[in-house]
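Heads up, final-v1.txt below (compact mmCIF, C-alpha atoms):
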# COMPACT_ATOMS: atom_id res chain seq x y z
CA MET Y 224 2.53 37.02 -29.86
CA THR Y 225 -1.19 36.36 -30.24
CA LYS Y 226 -2.88 35.79 -26.93
CA HIS Y 227 -4.35 32.36 -26.37
CA PRO Y 228 -6.23 30.88 -23.39
CA PRO Y 229 -4.54 28.34 -21.14
CA VAL Y 230 -7.32 25.71 -21.11
CA PHE Y 231 -6.76 23.07 -23.77
CA PHE Y 232 -8.94 20.19 -22.59
CA ALA Y 233 -12.37 20.04 -20.98
CA ILE Y 234 -14.47 17.02 -20.11
CA VAL Y 235 -18.03 16.89 -18.79
CA GLY Y 236 -19.42 13.57 -17.63
CA VAL Y 237 -21.97 11.62 -15.68
CA ARG Y 238 -22.16 8.21 -14.08
CA HIS Y 239 -25.43 6.34 -14.36
CA GLU Y 240 -26.64 2.74 -14.11
CA PRO Y 241 -24.98 0.00 -16.24
CA LEU Y 242 -26.45 -0.31 -19.74
CA LEU Y 243 -26.31 -3.90 -20.97
CA ALA Y 244 -28.07 -2.93 -24.20
CA LEU Y 245 -25.53 -0.24 -25.16
CA LYS Y 246 -23.61 -2.50 -27.54
CA GLU Y 247 -26.74 -3.28 -29.54
CA THR Y 248 -28.00 0.30 -29.43
CA PHE Y 249 -24.75 2.07 -30.25
CA PRO Y 250 -25.22 2.08 -34.07
CA ARG Y 251 -28.38 4.17 -33.63
CA ILE Y 252 -26.60 6.50 -31.19
CA GLN Y 253 -23.72 6.88 -33.63
CA ASP Y 254 -26.08 7.69 -36.49
CA ALA Y 255 -27.88 10.34 -34.44
CA LEU Y 256 -24.55 11.95 -33.53
CA ARG Y 257 -23.40 11.82 -37.15
CA ARG Y 258 -26.49 13.77 -38.17
CA ASN Y 259 -25.51 16.38 -35.57
CA GLY Y 260 -22.01 16.95 -36.90
CA PHE Y 261 -20.04 14.12 -35.30
CA SER Y 262 -19.05 12.36 -38.50
CA GLY Y 263 -15.42 11.64 -37.68
CA SER Y 264 -13.60 8.67 -36.18
CA VAL Y 265 -15.40 6.00 -34.19
CA PHE Y 266 -13.55 3.86 -31.63
CA ARG Y 267 -14.67 0.64 -29.98
CA GLU Y 268 -12.80 -1.10 -27.19
CA THR Y 269 -13.50 -4.20 -25.15
CA ALA Y 270 -11.73 -4.84 -21.86
CA ASP Y 271 -11.88 -7.68 -19.34
CA ILE Y 272 -12.31 -6.07 -15.91
CA SER Y 273 -11.59 -8.10 -12.78
CA THR Y 274 -13.63 -7.33 -9.65
CA VAL Y 275 -11.56 -8.10 -6.55
CA ASP Y 276 -14.46 -8.02 -4.09
CA GLU Y 277 -16.65 -10.42 -6.02
CA GLY Y 278 -13.88 -12.48 -7.63
CA THR Y 279 -15.50 -12.24 -11.06
CA ASN Y 280 -14.65 -10.77 -14.45
CA GLN Y 281 -16.74 -8.25 -16.37
CA ILE Y 282 -16.55 -7.26 -20.01
CA LEU Y 283 -16.39 -3.47 -20.43
CA ASN Y 284 -17.48 -2.17 -23.83
CA THR Y 285 -16.45 1.42 -24.58
CA PHE Y 286 -17.49 3.47 -27.61
CA ALA Y 287 -16.26 6.91 -28.72
CA VAL Y 288 -17.49 9.17 -31.51
CA PHE Y 289 -15.65 12.28 -32.76
CA ASN Y 290 -16.18 15.18 -35.11
CA ALA Y 291 -14.24 15.29 -38.39
CA GLN Y 292 -11.44 17.38 -36.84
CA SER Y 293 -11.07 15.06 -33.82
CA THR Y 294 -11.37 18.05 -31.50
CA ARG Y 295 -14.74 17.12 -29.95
CA GLY Y 296 -16.12 13.74 -28.98
CA PHE Y 297 -18.36 11.58 -26.82
CA THR Y 298 -17.48 8.43 -24.90
CA PHE Y 299 -19.95 5.81 -23.65
CA ASN Y 300 -19.47 2.53 -21.82
CA ASP Y 301 -21.91 -0.13 -20.71
CA GLN Y 302 -20.84 0.05 -17.07
CA GLY Y 303 -22.44 3.46 -16.70
CA THR Y 304 -20.17 6.31 -17.82
CA PHE Y 305 -20.94 8.99 -20.40
CA SER Y 306 -18.79 12.01 -21.21
CA TYR Y 307 -18.30 14.83 -23.68
CA HIS Y 308 -14.74 16.06 -24.19
CA THR Y 309 -13.08 18.70 -26.30
CA THR Y 310 -9.70 20.24 -27.06
CA GLU Y 311 -11.35 23.31 -28.59
CA TYR Y 312 -11.48 26.49 -26.56
CA THR Y 313 -15.13 27.02 -25.77
CA ASN Y 314 -17.45 28.90 -23.46
CA ARG Y 315 -19.70 27.43 -20.78
CA GLU Y 316 -22.86 27.63 -22.87
CA ASP Y 317 -21.39 25.75 -25.84
CA LEU Y 318 -19.68 23.17 -23.61
CA PHE Y 319 -22.87 22.29 -21.76
CA SER Y 320 -24.98 22.44 -24.94
CA ALA Y 321 -22.78 19.86 -26.69
CA PHE Y 322 -22.79 17.65 -23.60
CA ALA Y 323 -26.60 17.86 -23.41
CA LEU Y 324 -26.87 16.87 -27.08
CA GLY Y 325 -25.07 13.56 -26.57
CA LEU Y 326 -26.69 12.84 -23.22
CA GLY Y 327 -30.13 13.50 -24.68
CA ILE Y 328 -29.52 11.02 -27.50
CA LEU Y 329 -28.32 8.38 -25.04
CA ASP Y 330 -31.35 8.94 -22.80
CA ARG Y 331 -33.82 8.73 -25.70
CA GLU Y 332 -32.36 5.41 -26.81
CA LEU Y 333 -31.91 3.73 -23.42
CA SER Y 334 -34.10 5.64 -20.93
CA LEU Y 335 -31.59 6.37 -18.19
CA GLN Y 336 -32.94 5.85 -14.67
CA THR Y 337 -30.18 6.56 -12.13
CA LEU Y 338 -27.79 9.45 -11.59
CA ILE Y 339 -24.69 8.66 -9.55
CA ARG Y 340 -22.19 11.43 -10.32
CA VAL Y 341 -21.92 14.66 -12.31
CA GLY Y 342 -18.55 16.27 -12.98
CA VAL Y 343 -16.52 18.80 -14.93
CA ARG Y 344 -12.75 18.69 -15.43
CA MET Y 345 -10.50 21.24 -17.12
CA VAL Y 346 -6.77 21.15 -17.85
CA ASP Y 347 -4.72 24.31 -18.41
CA LEU Y 348 -1.28 24.68 -19.95
CA ILE Y 349 0.90 27.32 -18.28
CA ARG Y 350 4.03 27.81 -20.40
CA PRO Y 351 5.81 31.01 -19.30
CA SER Y 352 8.27 31.07 -22.19
CA ASP Y 353 5.41 31.88 -24.57
CA TRP Y 354 5.22 35.29 -22.96
CA GLY Y 355 8.80 35.92 -21.85
CA LEU Y 356 7.78 35.31 -18.23
CA THR Y 357 8.73 32.89 -15.47
CA LEU Y 358 6.54 30.32 -13.73
CA GLU Y 359 6.82 32.36 -10.53
CA GLN Y 360 5.20 35.28 -12.34
CA MET Y 361 2.24 33.21 -13.57
CA VAL Y 362 1.17 30.97 -10.69
CA ASP Y 363 0.55 31.59 -7.02
CA PRO Y 364 3.83 30.98 -5.09
CA ARG Y 365 2.10 28.38 -2.92
CA LEU Y 366 1.84 26.07 -5.93
CA LEU Y 367 5.63 26.00 -6.26
CA GLY Y 368 6.18 24.08 -3.01
CA PHE Y 369 9.79 23.50 -2.01
CA ARG Y 370 10.93 25.34 -5.10
CA GLY Y 371 10.27 28.52 -3.16
CA LEU Y 372 12.91 27.72 -0.53
CA PRO Y 373 16.08 29.86 -0.74
CA CYS Y 374 18.33 26.80 -1.04
CA ALA Y 375 16.58 25.78 -4.27
CA GLY Y 376 17.17 29.11 -5.98
CA ALA Y 377 20.46 28.15 -7.62
CA MET Y 378 19.26 24.71 -8.72
CA LYS Y 379 17.46 23.73 -11.88
CA PRO Y 380 13.89 22.64 -11.07
CA GLY Y 381 12.85 19.09 -11.84
CA MET Y 382 9.42 17.55 -12.14
CA ALA Y 383 7.04 18.26 -9.26
CA THR Y 384 3.42 17.43 -8.50
CA MET Y 385 0.96 18.92 -6.04
CA GLU Y 386 -2.51 17.47 -5.43
CA GLN Y 387 -5.24 18.52 -3.02
CA ARG Y 388 -8.81 17.32 -2.50
CA PHE Y 389 -11.54 19.52 -0.98
CA VAL Y 390 -14.99 18.33 0.11
CA SER Y 391 -18.21 20.23 0.79
CA ASP Y 392 -21.70 18.97 1.61
CA ASP Y 393 -22.56 18.13 -2.00
CA ALA Y 394 -19.34 18.34 -4.02
CA GLU Y 395 -15.66 17.48 -4.11
CA LEU Y 396 -12.93 19.48 -5.81
CA ILE Y 397 -9.70 17.81 -6.90
CA THR Y 398 -6.85 20.13 -7.86
CA LYS Y 399 -3.51 19.08 -9.34
CA PHE Y 400 -0.52 21.07 -10.49
CA ASP Y 401 2.33 19.42 -12.37
CA CYS Y 402 5.56 21.27 -13.02
CA LEU Y 403 7.27 19.69 -16.04
CA PRO Y 404 10.77 20.84 -16.96
CA ASP Y 405 10.92 19.17 -20.37
CA GLY Y 406 8.38 17.00 -22.18
CA PHE Y 407 4.63 17.49 -22.22
CA GLY Y 408 2.74 15.04 -20.03
CA ILE Y 409 -0.75 14.38 -18.71
CA GLN Y 410 -2.27 12.47 -15.83
CA ALA Y 411 -2.55 8.76 -16.67
CA ASP Y 412 -6.31 8.63 -16.18
CA LEU Y 413 -6.79 11.27 -18.90
CA TYR Y 414 -4.76 9.46 -21.53
CA PRO Y 415 -7.46 7.01 -22.78
CA VAL Y 416 -9.74 9.93 -23.66
CA LEU Y 417 -7.18 12.53 -24.76
CA ARG Y 418 -5.15 10.18 -26.98
CA ASN Y 419 -7.71 10.29 -29.81
CA HIS Y 420 -7.96 14.08 -29.87
CA THR Y 421 -6.21 16.61 -32.05
CA LEU Y 422 -4.46 19.06 -29.72
CA PRO Y 423 -4.37 22.81 -30.45
CA ALA Y 424 -1.25 24.07 -32.21
CA THR Y 425 -0.62 26.38 -29.25
CA VAL Y 426 -0.08 23.28 -27.09
CA THR Y 427 2.12 21.25 -29.45
CA SER Y 428 4.13 24.02 -31.15
CA THR Y 429 6.76 24.33 -28.40
CA THR Y 430 8.54 21.46 -26.67
CA GLY Y 431 11.35 20.97 -24.21
CA VAL Y 432 10.67 24.02 -22.06
CA LEU Y 433 9.50 24.44 -18.48
CA HIS Y 434 5.73 24.48 -18.15
CA GLY Y 435 2.94 23.64 -15.74
CA LEU Y 436 -0.32 21.74 -16.07
CA LEU Y 437 -3.17 22.87 -13.84
CA ASP Y 438 -5.82 20.14 -13.66
CA ILE Y 439 -9.07 20.94 -11.80
CA ASP Y 440 -11.99 18.53 -11.36
CA SER Y 441 -15.27 19.34 -9.61
CA GLY Y 442 -17.92 16.67 -9.17
CA THR Y 443 -20.66 15.18 -7.05
CA ARG Y 444 -19.38 14.19 -3.65
CA SER Y 445 -18.71 10.46 -3.57
CA GLY Y 446 -19.04 8.02 -0.71
CA LYS Y 447 -21.51 5.65 0.88
CA GLU Y 448 -23.43 8.54 2.43
CA VAL Y 449 -24.30 9.94 -1.02
CA ALA Y 450 -27.19 7.98 -2.49
CA PRO Y 451 -27.87 7.66 -6.23
CA ARG Y 452 -30.65 9.91 -7.52
CA LYS Y 453 -33.37 9.66 -10.12
CA PHE Y 454 -31.97 10.62 -13.51
CA SER Y 455 -32.86 14.15 -14.62
CA GLN Y 456 -31.11 16.01 -17.41
CA ASP Y 457 -32.33 19.35 -16.04
CA ALA Y 458 -30.87 18.55 -12.61
CA ILE Y 459 -27.58 17.57 -14.24
CA LEU Y 460 -27.30 20.84 -16.15
CA ASP Y 461 -28.08 22.83 -12.99
CA GLU Y 462 -25.39 20.96 -11.05
CA LEU Y 463 -22.83 21.52 -13.80
CA VAL Y 464 -23.09 25.29 -13.31
CA GLY Y 465 -21.95 24.94 -9.69
CA HIS Y 466 -19.07 22.66 -10.65
CA ASN Y 467 -17.94 25.03 -13.38
CA ASP Y 468 -18.04 27.95 -10.91
CA ARG Y 469 -15.82 26.03 -8.47
CA ILE Y 470 -13.30 25.32 -11.23
CA SER Y 471 -13.22 28.97 -12.26
CA GLU Y 472 -12.71 30.10 -8.68
CA ALA Y 473 -9.89 27.62 -8.10
CA PHE Y 474 -8.22 28.52 -11.41
CA ARG Y 475 -8.25 32.23 -10.67
CA ALA Y 476 -6.89 31.63 -7.19
CA ALA Y 477 -4.05 29.50 -8.59
CA VAL Y 478 -2.74 32.00 -11.15
CA THR Y 479 -1.60 35.60 -10.86
CA PRO Y 480 -3.31 38.78 -12.11
CA LEU Y 481 -0.40 39.13 -14.56
CA ALA Y 482 -1.16 35.71 -16.00
CA LEU Y 483 -4.85 36.55 -16.44
CA LYS Y 484 -3.93 39.79 -18.20
CA THR Y 485 -1.44 37.96 -20.41
CA TRP Y 486 -4.10 35.47 -21.48
CA GLY Y 487 -6.58 38.26 -22.18
CA LEU Y 488 -8.85 37.21 -19.31
CA LYS Y 489 -10.59 39.52 -16.88
CA PRO Y 490 -9.04 39.63 -13.36
Please express what this file holds, its structure, as structure tokens.
Amino acid sequence: MTKHPPVFFAIVGVRHEPLLALKETFPRIQDALRRNGFSGSVFRETADISTVDEGTNQILNTFAVFNAQSTRGFTFNDQGTFSYHTTEYTNREDLFSAFALGLGILDRELSLQTLIRVGVRMVDLIRPSDWGLTLEQMVDPRLLGFRGLPCAGAMKPGMATMEQRFVSDDAELITKFDCLPDGFGIQADLYPVLRNHTLPATVTSTTGVLHGLLDIDSGTRSGKEVAPRKFSQDAILDELVGHNDRISEAFRAAVTPLALKTWGLKP
């Protein structure tokens, strides 16, 4: 069987100040993206968001622009979130270059002032049956939890989820591993973005078999002690390198050398 990489979805994003003028400006942003190859579907959504603390409602306008194949896209909203997301397998340089393209267009149109969070998130599909292997052969045993107990050996595994959050001085890493015995599933917070994408054939070609989803997110540490910064695209791109390195380190620690070899990746 042809080797294929496990990662099937990547998202790079930033949080910035609210942009009340985004709705009026979006047609110009869309046109600029179209001239850079994003001539596919365009989605607009409006949601009424209740704020419990203030007891008021806010209107959230969200816009998304895709390429013709629906494999790459940008999402913007007027409450201060921008992201680039793709279901194509890509390298770091191309991922960050595409992200910088959309962010640069947004900044030129609306002059962003405040940087609140920078983050990268990647989701990997680990489906042992593609290679004639078992899940135990492809992921670190510690990710299997209670499944590793002797009493569970004769029982068919059901759905299981493991989640862990790690914090350093300037970043937080959120790692999740879902073991799914049957149907393909994703974390609920990813659905609004992933639903409009075309998934790779290597993800959708096989159903109803045991597989795992490894979901790793590295971003700016959040909390009251972390103050917003002055917006700088250069600073964002520098920070993304560190987040991507953390994801790579966590991914390689979570899978086995056999899995890396099977995927054609260097140990």
What lies within 7 Å of segment 381-391 of chain Y using all atoms listed in the file, ignoring chain neighbours under 2 positions off, as a list in words?
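With the cut-off at 7 Å, the set is Lys379, Asp393, Ala394, Glu395, Leu396, Ile397, Thr398, Lys399, Phe400, Asp401, Cys402, Leu403 and Pro404 of chain Y.
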For a quick check of your reading of the model, name the residues lying within 12 Å of the coordinate (-14.3, 12.0, -33.6), counting only C-alpha atoms, and write them as a VMD selection string.
chain Y and resid 253 256 to 257 260 to 267 286 to 298 307 to 310 416 to 421
Report, in Å with one decimal, the straight-line distance from atom CA of Pro228 of chain Y to atom CA of Gly327 of chain Y.
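These atoms are spaced 29.6 Å apart.
Taking atom CA of Ile459 of chain Y and atom CA of Glu268 of chain Y as endpoints, the distance between them is 27.1 Å.
Counting from atom CA of Ser471 of chain Y, the distance to atom CA of Ser320 of chain Y is 18.5 Å.
Among Y:Asp301, Y:Asp457, Y:Asp363, Y:Asp438, the residue with the shortest atom-to-atom distance to Ile470 of chain Y, counting all atoms listed in the file, is Y:Asp438.
Using only C-alpha atoms, the nearest neighbour of Asp468 of chain Y within the list Y:Gln360, Y:Gln336, Y:Ser441, Y:Thr425 is Y:Ser441.
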Nearest to Gly325 of chain Y among Y:Pro490, Y:Gly236, Y:Gly342, Y:Gly431, with distances taken over all atoms listed in the file: which residue is it?
Y:Gly236
Which one of Y:Asp412, Y:Asp347, Y:Glu247, Y:Asp271 sits closest to Val478 of chain Y if you count all atoms listed in the file?
Y:Asp347
Looking at only C-alpha atoms, which of Y:His227, Y:Asp330, Y:Trp354, Y:Gly368 is the one that sits closest to Leu242 of chain Y?
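Selected residue with least distance to Leu242 of chain Y: Y:Asp330.
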Close residues, Asn467 of chain Y itself excluded, 12 Å, all atoms listed in the file, min 5 positions apart in chain, as JSON, numbers by chain:
{"Y": [233, 234, 235, 314, 315, 316, 318, 319, 341, 342, 343, 344, 345, 394, 396, 439, 440, 441, 442, 460, 461, 462, 472, 473, 474]}
Which of Y:Leu367, Y:Leu413, Y:Glu240, Y:Gln456 sits closest to Ile328 of chain Y [using all atoms listed in the file]:
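The closest residue to Ile328 of chain Y is Y:Gln456.
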Using all atoms of segment 446-463 of chain Y that appear in the file, construct an axis-aligned enclosing box with 8 Å of padding on every side and provide its centre coordinates and edge lengths in Å, rounded to one decimal, as lines of an AutoDock Vina configuration file.
center_x = -26.2
center_y = 14.2
center_z = -7.5
size_x = 30.3
size_y = 33.2
size_z = 35.8
For Gly303 of chain Y, find every residue with an atom within 9 Å (counting all atoms listed in the file), except residues of its own chain fewer than 4 positions away, and show them as a PyMOL selection string.
chain Y and resi 237-242+299
Generate the coordinates of N, CA and C atoms for segment 344-379 of chain Y; report them as a CSV table (one decimal), in the frame of the given file.
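Resulting contents of rebuild-v6.csv:
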chain,number,residue,atom,x,y,z
Y,344,ARG,N,-14.2,18.7,-15.6
Y,344,ARG,CA,-12.8,18.7,-15.4
Y,344,ARG,C,-12.1,19.5,-16.5
Y,345,MET,N,-11.2,20.4,-16.2
Y,345,MET,CA,-10.5,21.2,-17.1
Y,345,MET,C,-9.0,21.2,-16.9
Y,346,VAL,N,-8.2,21.2,-17.9
Y,346,VAL,CA,-6.8,21.2,-17.8
Y,346,VAL,C,-6.2,22.4,-18.6
Y,347,ASP,N,-5.3,23.1,-17.9
Y,347,ASP,CA,-4.7,24.3,-18.4
Y,347,ASP,C,-3.2,24.1,-18.6
Y,348,LEU,N,-2.7,24.7,-19.7
Y,348,LEU,CA,-1.3,24.7,-20.0
Y,348,LEU,C,-0.7,26.1,-19.6
Y,349,ILE,N,0.2,26.1,-18.7
Y,349,ILE,CA,0.9,27.3,-18.3
Y,349,ILE,C,2.4,27.2,-18.7
Y,350,ARG,N,2.7,27.9,-19.8
Y,350,ARG,CA,4.0,27.8,-20.4
Y,350,ARG,C,4.6,29.2,-20.5
Y,351,PRO,N,5.3,29.6,-19.4
Y,351,PRO,CA,5.8,31.0,-19.3
Y,351,PRO,C,6.6,31.5,-20.5
Y,352,SER,N,7.4,30.6,-21.1
Y,352,SER,CA,8.3,31.1,-22.2
Y,352,SER,C,7.5,31.6,-23.4
Y,353,ASP,N,6.2,31.3,-23.5
Y,353,ASP,CA,5.4,31.9,-24.6
Y,353,ASP,C,5.3,33.4,-24.5
Y,354,TRP,N,5.5,33.9,-23.2
Y,354,TRP,CA,5.2,35.3,-23.0
Y,354,TRP,C,6.5,36.0,-22.5
Y,355,GLY,N,7.6,35.3,-22.4
Y,355,GLY,CA,8.8,35.9,-21.8
Y,355,GLY,C,8.7,36.1,-20.3
Y,356,LEU,N,8.0,35.2,-19.7
Y,356,LEU,CA,7.8,35.3,-18.2
Y,356,LEU,C,8.4,34.1,-17.6
Y,357,THR,N,8.3,34.1,-16.2
Y,357,THR,CA,8.7,32.9,-15.5
Y,357,THR,C,7.5,32.3,-14.8
Y,358,LEU,N,7.7,31.0,-14.4
Y,358,LEU,CA,6.5,30.3,-13.7
Y,358,LEU,C,6.1,31.1,-12.5
Y,359,GLU,N,7.1,31.6,-11.8
Y,359,GLU,CA,6.8,32.4,-10.5
Y,359,GLU,C,5.9,33.6,-10.8
Y,360,GLN,N,6.0,34.1,-12.0
Y,360,GLN,CA,5.2,35.3,-12.3
Y,360,GLN,C,3.8,34.9,-12.7
Y,361,MET,N,3.5,33.6,-13.0
Y,361,MET,CA,2.2,33.2,-13.6
Y,361,MET,C,1.4,32.4,-12.6
Y,362,VAL,N,2.0,31.8,-11.6
Y,362,VAL,CA,1.2,31.0,-10.7
Y,362,VAL,C,1.4,31.5,-9.3
Y,363,ASP,N,0.4,31.2,-8.4
Y,363,ASP,CA,0.6,31.6,-7.0
Y,363,ASP,C,1.8,30.9,-6.4
Y,364,PRO,N,2.6,31.6,-5.6
Y,364,PRO,CA,3.8,31.0,-5.1
Y,364,PRO,C,3.6,29.7,-4.3
Y,365,ARG,N,2.4,29.6,-3.7
Y,365,ARG,CA,2.1,28.4,-2.9
Y,365,ARG,C,2.0,27.1,-3.8
Y,366,LEU,N,1.9,27.2,-5.1
Y,366,LEU,CA,1.8,26.1,-5.9
Y,366,LEU,C,3.2,25.6,-6.3
Y,367,LEU,N,4.3,26.4,-5.9
Y,367,LEU,CA,5.6,26.0,-6.3
Y,367,LEU,C,6.3,25.1,-5.2
Y,368,GLY,N,5.7,25.0,-4.0
Y,368,GLY,CA,6.2,24.1,-3.0
Y,368,GLY,C,7.6,24.4,-2.6
Y,369,PHE,N,8.4,23.4,-2.5
Y,369,PHE,CA,9.8,23.5,-2.0
Y,369,PHE,C,10.7,24.3,-2.9
Y,370,ARG,N,10.2,24.5,-4.2
Y,370,ARG,CA,10.9,25.3,-5.1
Y,370,ARG,C,11.1,26.8,-4.6
Y,371,GLY,N,10.2,27.2,-3.7
Y,371,GLY,CA,10.3,28.5,-3.2
Y,371,GLY,C,11.3,28.7,-2.1
Y,372,LEU,N,11.9,27.6,-1.6
Y,372,LEU,CA,12.9,27.7,-0.5
Y,372,LEU,C,14.2,28.4,-1.1
Y,373,PRO,N,14.9,29.2,-0.3
Y,373,PRO,CA,16.1,29.9,-0.7
Y,373,PRO,C,17.1,28.9,-1.3
Y,374,CYS,N,17.3,27.7,-0.6
Y,374,CYS,CA,18.3,26.8,-1.0
Y,374,CYS,C,18.1,26.2,-2.4
Y,375,ALA,N,16.9,26.3,-2.9
Y,375,ALA,CA,16.6,25.8,-4.3
Y,375,ALA,C,16.8,26.8,-5.4
Y,376,GLY,N,17.1,28.0,-5.0
Y,376,GLY,CA,17.2,29.1,-6.0
Y,376,GLY,C,18.2,28.9,-7.0
Y,377,ALA,N,19.4,28.3,-6.7
Y,377,ALA,CA,20.5,28.2,-7.6
Y,377,ALA,C,20.4,26.8,-8.4
Y,378,MET,N,19.4,26.0,-8.1
Y,378,MET,CA,19.3,24.7,-8.7
Y,378,MET,C,18.2,24.7,-9.8
Y,379,LYS,N,18.4,23.9,-10.8
Y,379,LYS,CA,17.5,23.7,-11.9
Y,379,LYS,C,16.3,22.9,-11.4
